Amino acid sequence: MSRTKQLLPIAIALFFGWLTLLGLVFNLPSVVTDLTLGWAGLIVAFALVLGVLNLFAVHLNRSFRKRNLYSLVLVLSMLAVFAIAILDRMGITENGMRHYFDWIQAPLEAALASLLAFFLLFAGFQLVKRQRTVWSMLFLVTAVLVLVADVLLVTSWAPPQLNEWFIRIQDIIQNVIVMAGVRGLLIGVALGSILLAVRMLIGLERPYNK
């Protein structure tokens with residue numbers, strides 16, 4: 001019986017995995033592929049709803065039992081967003097979710113992004129203080145150059161030649177160095193995804209059993 005319980009999820013995963021792969025390669029009936037993708041979307045939707053409900057229940061429990069202020073803020077925020085969505089759906093309010101994003105979500109993301117720049121600069125100084133290597137110095141110099149170039153883009157007090165020089169350096173860093181690193185990361189992610197998919201299709205990787 002235990003052996004059957006182990007083999008059944010593997011057989012189901014292999015069947016639908018190969019069915020989806022064959023549907024992408026060959027011209028299988030659309031009913032098969034659409035039905036499979038529809039089931040997958042339905043399962044993902046239920047998993048998302050269960051995840052949100054579990055998050056709400058956990059932080060609701062923390063806010064009442066442990067008097068956690070952050071959990072209370074999260075619970076109230078979730079209830080507010082849910083209420084706004086329902087009011088928009090019922091036609092009582094108009095573009096409530098849009099206003100929430102423009103007035104709350106976007107400013108918070110901008111604030112976090114601006115803090116990230118200072119955190120990176122501070123991390124660069126700490127890294128140079130602890131480990132004075134070529135890579136730590138390169139990290140700090142790159143962070144300073146990018147920040148100074150961004151400041152010069154929105155100010156007019158610097159000489160035009162100095163402004164243009166910093167902008168060119170920033171352009172080289174972003175379009176050459178950063179782009180090369182991002183492409184290397186994307187290639188690594190793609191190769192890892194292919195390897196993981198192949199291992200799942202042949203039954204070596206079994207995340208659904210964990």
# chains A, B, ... in the order shown; residues from 1 in each chain; ligands from 1
call {"tool": "residues_around", "arguments": {"residues": "range 161-167 of chain A", "least_positions_apart": "3", "cutoff": "12 Å", "atoms": "only C-alpha atoms", "output": "PDB file with N, CA and C atoms, in the first residue's frame"}}
result
ATOM      1  N   THR A 142      31.693  51.704  -8.285  1.00  0.00           N
ATOM      2  CA  THR A 142      30.564  51.591  -9.206  1.00  0.00           C
ATOM      3  C   THR A 142      29.298  52.174  -8.592  1.00  0.00           C
ATOM      4  N   VAL A 144      29.055  54.483  -6.258  1.00  0.00           N
ATOM      5  CA  VAL A 144      29.186  55.943  -6.165  1.00  0.00           C
ATOM      6  C   VAL A 144      28.987  56.594  -7.531  1.00  0.00           C
ATOM      7  N   LEU A 145      29.593  56.024  -8.563  1.00  0.00           N
ATOM      8  CA  LEU A 145      29.460  56.598  -9.902  1.00  0.00           C
ATOM      9  C   LEU A 145      28.018  56.596 -10.385  1.00  0.00           C
ATOM     10  N   VAL A 146      27.312  55.500 -10.155  1.00  0.00           N
ATOM     11  CA  VAL A 146      25.912  55.419 -10.596  1.00  0.00           C
ATOM     12  C   VAL A 146      25.042  56.410  -9.835  1.00  0.00           C
ATOM     13  N   LEU A 147      25.244  56.533  -8.521  1.00  0.00           N
ATOM     14  CA  LEU A 147      24.458  57.482  -7.738  1.00  0.00           C
ATOM     15  C   LEU A 147      24.752  58.925  -8.139  1.00  0.00           C
ATOM     16  N   VAL A 148      26.026  59.247  -8.340  1.00  0.00           N
ATOM     17  CA  VAL A 148      26.381  60.613  -8.743  1.00  0.00           C
ATOM     18  C   VAL A 148      25.802  60.942 -10.117  1.00  0.00           C
ATOM     19  N   ALA A 149      25.838  59.978 -11.041  1.00  0.00           N
ATOM     20  CA  ALA A 149      25.270  60.209 -12.373  1.00  0.00           C
ATOM     21  C   ALA A 149      23.765  60.438 -12.298  1.00  0.00           C
ATOM     22  N   ASP A 150      23.065  59.686 -11.429  1.00  0.00           N
ATOM     23  CA  ASP A 150      21.624  59.905 -11.269  1.00  0.00           C
ATOM     24  C   ASP A 150      21.327  61.284 -10.690  1.00  0.00           C
ATOM     25  N   VAL A 151      22.171  61.739  -9.751  1.00  0.00           N
ATOM     26  CA  VAL A 151      21.973  63.077  -9.181  1.00  0.00           C
ATOM     27  C   VAL A 151      22.200  64.141 -10.241  1.00  0.00           C
ATOM     28  N   LEU A 152      23.215  63.970 -11.061  1.00  0.00           N
ATOM     29  CA  LEU A 152      23.510  64.972 -12.088  1.00  0.00           C
ATOM     30  C   LEU A 152      22.430  65.040 -13.159  1.00  0.00           C
ATOM     31  N   LEU A 153      21.684  63.948 -13.340  1.00  0.00           N
ATOM     32  CA  LEU A 153      20.619  63.951 -14.339  1.00  0.00           C
ATOM     33  C   LEU A 153      19.466  64.869 -13.944  1.00  0.00           C
ATOM     34  N   VAL A 154      19.259  65.063 -12.656  1.00  0.00           N
ATOM     35  CA  VAL A 154      18.118  65.864 -12.201  1.00  0.00           C
ATOM     36  C   VAL A 154      18.546  67.224 -11.654  1.00  0.00           C
ATOM     37  N   THR A 155      19.822  67.536 -11.733  1.00  0.00           N
ATOM     38  CA  THR A 155      20.301  68.839 -11.280  1.00  0.00           C
ATOM     39  C   THR A 155      21.038  69.536 -12.420  1.00  0.00           C
ATOM     40  N   SER A 156      21.202  70.846 -12.277  1.00  0.00           N
ATOM     41  CA  SER A 156      21.867  71.628 -13.334  1.00  0.00           C
ATOM     42  C   SER A 156      23.052  72.417 -12.798  1.00  0.00           C
ATOM     43  N   TRP A 157      23.514  72.097 -11.571  1.00  0.00           N
ATOM     44  CA  TRP A 157      24.604  72.892 -11.005  1.00  0.00           C
ATOM     45  C   TRP A 157      25.971  72.445 -11.492  1.00  0.00           C
ATOM     46  N   ALA A 158      26.078  71.223 -12.026  1.00  0.00           N
ATOM     47  CA  ALA A 158      27.377  70.715 -12.487  1.00  0.00           C
ATOM     48  C   ALA A 158      27.677  71.240 -13.885  1.00  0.00           C
ATOM     49  N   GLN A 170      27.848  56.023 -16.632  1.00  0.00           N
ATOM     50  CA  GLN A 170      26.661  55.300 -16.192  1.00  0.00           C
ATOM     51  C   GLN A 170      26.068  54.465 -17.328  1.00  0.00           C
ATOM     52  N   ASP A 171      26.081  55.002 -18.535  1.00  0.00           N
ATOM     53  CA  ASP A 171      25.552  54.270 -19.682  1.00  0.00           C
ATOM     54  C   ASP A 171      26.388  53.014 -19.953  1.00  0.00           C
ATOM     55  N   ILE A 172      27.716  53.121 -19.842  1.00  0.00           N
ATOM     56  CA  ILE A 172      28.576  51.953 -20.041  1.00  0.00           C
ATOM     57  C   ILE A 172      28.330  50.904 -18.955  1.00  0.00           C
ATOM     58  N   ILE A 173      28.192  51.364 -17.718  1.00  0.00           N
ATOM     59  CA  ILE A 173      27.964  50.420 -16.610  1.00  0.00           C
ATOM     60  C   ILE A 173      26.640  49.688 -16.784  1.00  0.00           C
ATOM     61  N   GLN A 174      25.585  50.426 -17.127  1.00  0.00           N
ATOM     62  CA  GLN A 174      24.265  49.810 -17.211  1.00  0.00           C
ATOM     63  C   GLN A 174      24.077  48.976 -18.474  1.00  0.00           C
ATOM     64  N   ASN A 175      24.527  49.480 -19.616  1.00  0.00           N
ATOM     65  CA  ASN A 175      24.249  48.807 -20.879  1.00  0.00           C
ATOM     66  C   ASN A 175      25.291  47.766 -21.271  1.00  0.00           C
TER      67      ASN A 175
END
call {"tool": "residues_around", "arguments": {"residues": "range 14-27 of chain A", "least_positions_apart": "2", "cutoff": "8 Å", "atoms": "only C-alpha atoms", "output": "PDB file with N, CA and C atoms, in the first residue's frame"}}
result
ATOM      1  N   ILE A  10       3.987  10.039  -8.596  1.00  0.00           N
ATOM      2  CA  ILE A  10       5.029  10.059  -9.628  1.00  0.00           C
ATOM      3  C   ILE A  10       4.424   9.779 -10.993  1.00  0.00           C
ATOM      4  N   ALA A  11       3.528   8.778 -11.049  1.00  0.00           N
ATOM      5  CA  ALA A  11       2.897   8.424 -12.321  1.00  0.00           C
ATOM      6  C   ALA A  11       2.026   9.568 -12.835  1.00  0.00           C
ATOM      7  N   ILE A  12       1.284  10.233 -11.942  1.00  0.00           N
ATOM      8  CA  ILE A  12       0.426  11.344 -12.364  1.00  0.00           C
ATOM      9  C   ILE A  12       1.275  12.513 -12.880  1.00  0.00           C
ATOM     10  N   PRO A  29      -4.849  17.179 -30.060  1.00  0.00           N
ATOM     11  CA  PRO A  29      -6.161  17.854 -29.988  1.00  0.00           C
ATOM     12  C   PRO A  29      -6.164  18.945 -28.929  1.00  0.00           C
ATOM     13  N   THR A  33      -4.841  19.591 -24.407  1.00  0.00           N
ATOM     14  CA  THR A  33      -3.951  20.611 -23.864  1.00  0.00           C
ATOM     15  C   THR A  33      -4.721  21.686 -23.096  1.00  0.00           C
ATOM     16  N   THR A  36      -5.809  20.275 -19.754  1.00  0.00           N
ATOM     17  CA  THR A  36      -4.685  20.172 -18.813  1.00  0.00           C
ATOM     18  C   THR A  36      -4.295  21.533 -18.267  1.00  0.00           C
ATOM     19  N   MET A 200      12.420  16.097 -13.643  1.00  0.00           N
ATOM     20  CA  MET A 200      11.037  15.817 -13.267  1.00  0.00           C
ATOM     21  C   MET A 200      10.355  14.913 -14.285  1.00  0.00           C
ATOM     22  N   LEU A 201      10.682  15.093 -15.585  1.00  0.00           N
ATOM     23  CA  LEU A 201      10.062  14.268 -16.618  1.00  0.00           C
ATOM     24  C   LEU A 201      10.527  12.826 -16.581  1.00  0.00           C
ATOM     25  N   ILE A 202      11.719  12.573 -16.054  1.00  0.00           N
ATOM     26  CA  ILE A 202      12.197  11.189 -15.960  1.00  0.00           C
ATOM     27  C   ILE A 202      12.042  10.630 -14.551  1.00  0.00           C
ATOM     28  N   GLY A 203      11.447  11.423 -13.655  1.00  0.00           N
ATOM     29  CA  GLY A 203      11.120  10.917 -12.336  1.00  0.00           C
ATOM     30  C   GLY A 203      12.209  11.005 -11.301  1.00  0.00           C
TER      31      GLY A 203
END
call {"tool": "closest_residue", "arguments": {"among": "A:Ile177, A:Val189, A:Leu138, A:Leu195", "to": "Gly124 in chain A", "atoms": "only C-alpha atoms"}}
result
A:Leu138
call {"tool": "residues_around", "arguments": {"residues": "range 44-53 of chain A", "least_positions_apart": "5", "cutoff": "12 Å", "atoms": "only C-alpha atoms", "output": "list in words"}}
result
Leu37, Gly38, Trp39, Val58, His59, Leu60, Leu74, Val75, Met78, Leu79 and Phe82 of chain A
call {"tool": "write_last_selection", "arguments": {"atoms": "N, CA and C atoms", "output": "tab-separated table (two decimals), in the first residue's frame"}}
result
chain	number	residue	atom	x	y	z
A	37	LEU	N	-4.18	22.53	-19.16
A	37	LEU	CA	-3.82	23.87	-18.71
A	37	LEU	C	-4.92	24.48	-17.84
A	38	GLY	N	-6.18	24.17	-18.15
A	38	GLY	CA	-7.27	24.66	-17.31
A	38	GLY	C	-7.22	24.08	-15.91
A	39	TRP	N	-6.95	22.79	-15.81
A	39	TRP	CA	-6.80	22.16	-14.49
A	39	TRP	C	-5.64	22.79	-13.72
A	58	VAL	N	-2.78	33.37	10.15
A	58	VAL	CA	-1.58	33.38	11.00
A	58	VAL	C	-1.37	34.76	11.63
A	59	HIS	N	-1.48	35.81	10.83
A	59	HIS	CA	-1.23	37.15	11.37
A	59	HIS	C	-2.40	37.65	12.21
A	60	LEU	N	-3.61	37.17	11.94
A	60	LEU	CA	-4.72	37.51	12.81
A	60	LEU	C	-4.52	36.91	14.21
A	74	LEU	N	-0.85	44.37	8.89
A	74	LEU	CA	-1.02	43.52	7.72
A	74	LEU	C	-2.47	43.06	7.59
A	75	VAL	N	-3.07	42.65	8.69
A	75	VAL	CA	-4.47	42.19	8.66
A	75	VAL	C	-5.40	43.32	8.22
A	78	MET	N	-4.96	43.99	4.49
A	78	MET	CA	-5.61	42.98	3.66
A	78	MET	C	-7.13	43.18	3.63
A	79	LEU	N	-7.73	43.48	4.78
A	79	LEU	CA	-9.17	43.73	4.83
A	79	LEU	C	-9.54	44.98	4.03
A	82	PHE	N	-9.29	44.15	0.29
A	82	PHE	CA	-10.40	43.27	-0.06
A	82	PHE	C	-11.71	44.06	-0.14
call {"tool": "atom_distance", "arguments": {"atom1": "CA of Phe56 in chain A", "atom2": "CA of Ala85 in chain A"}}
result
16.6 Å
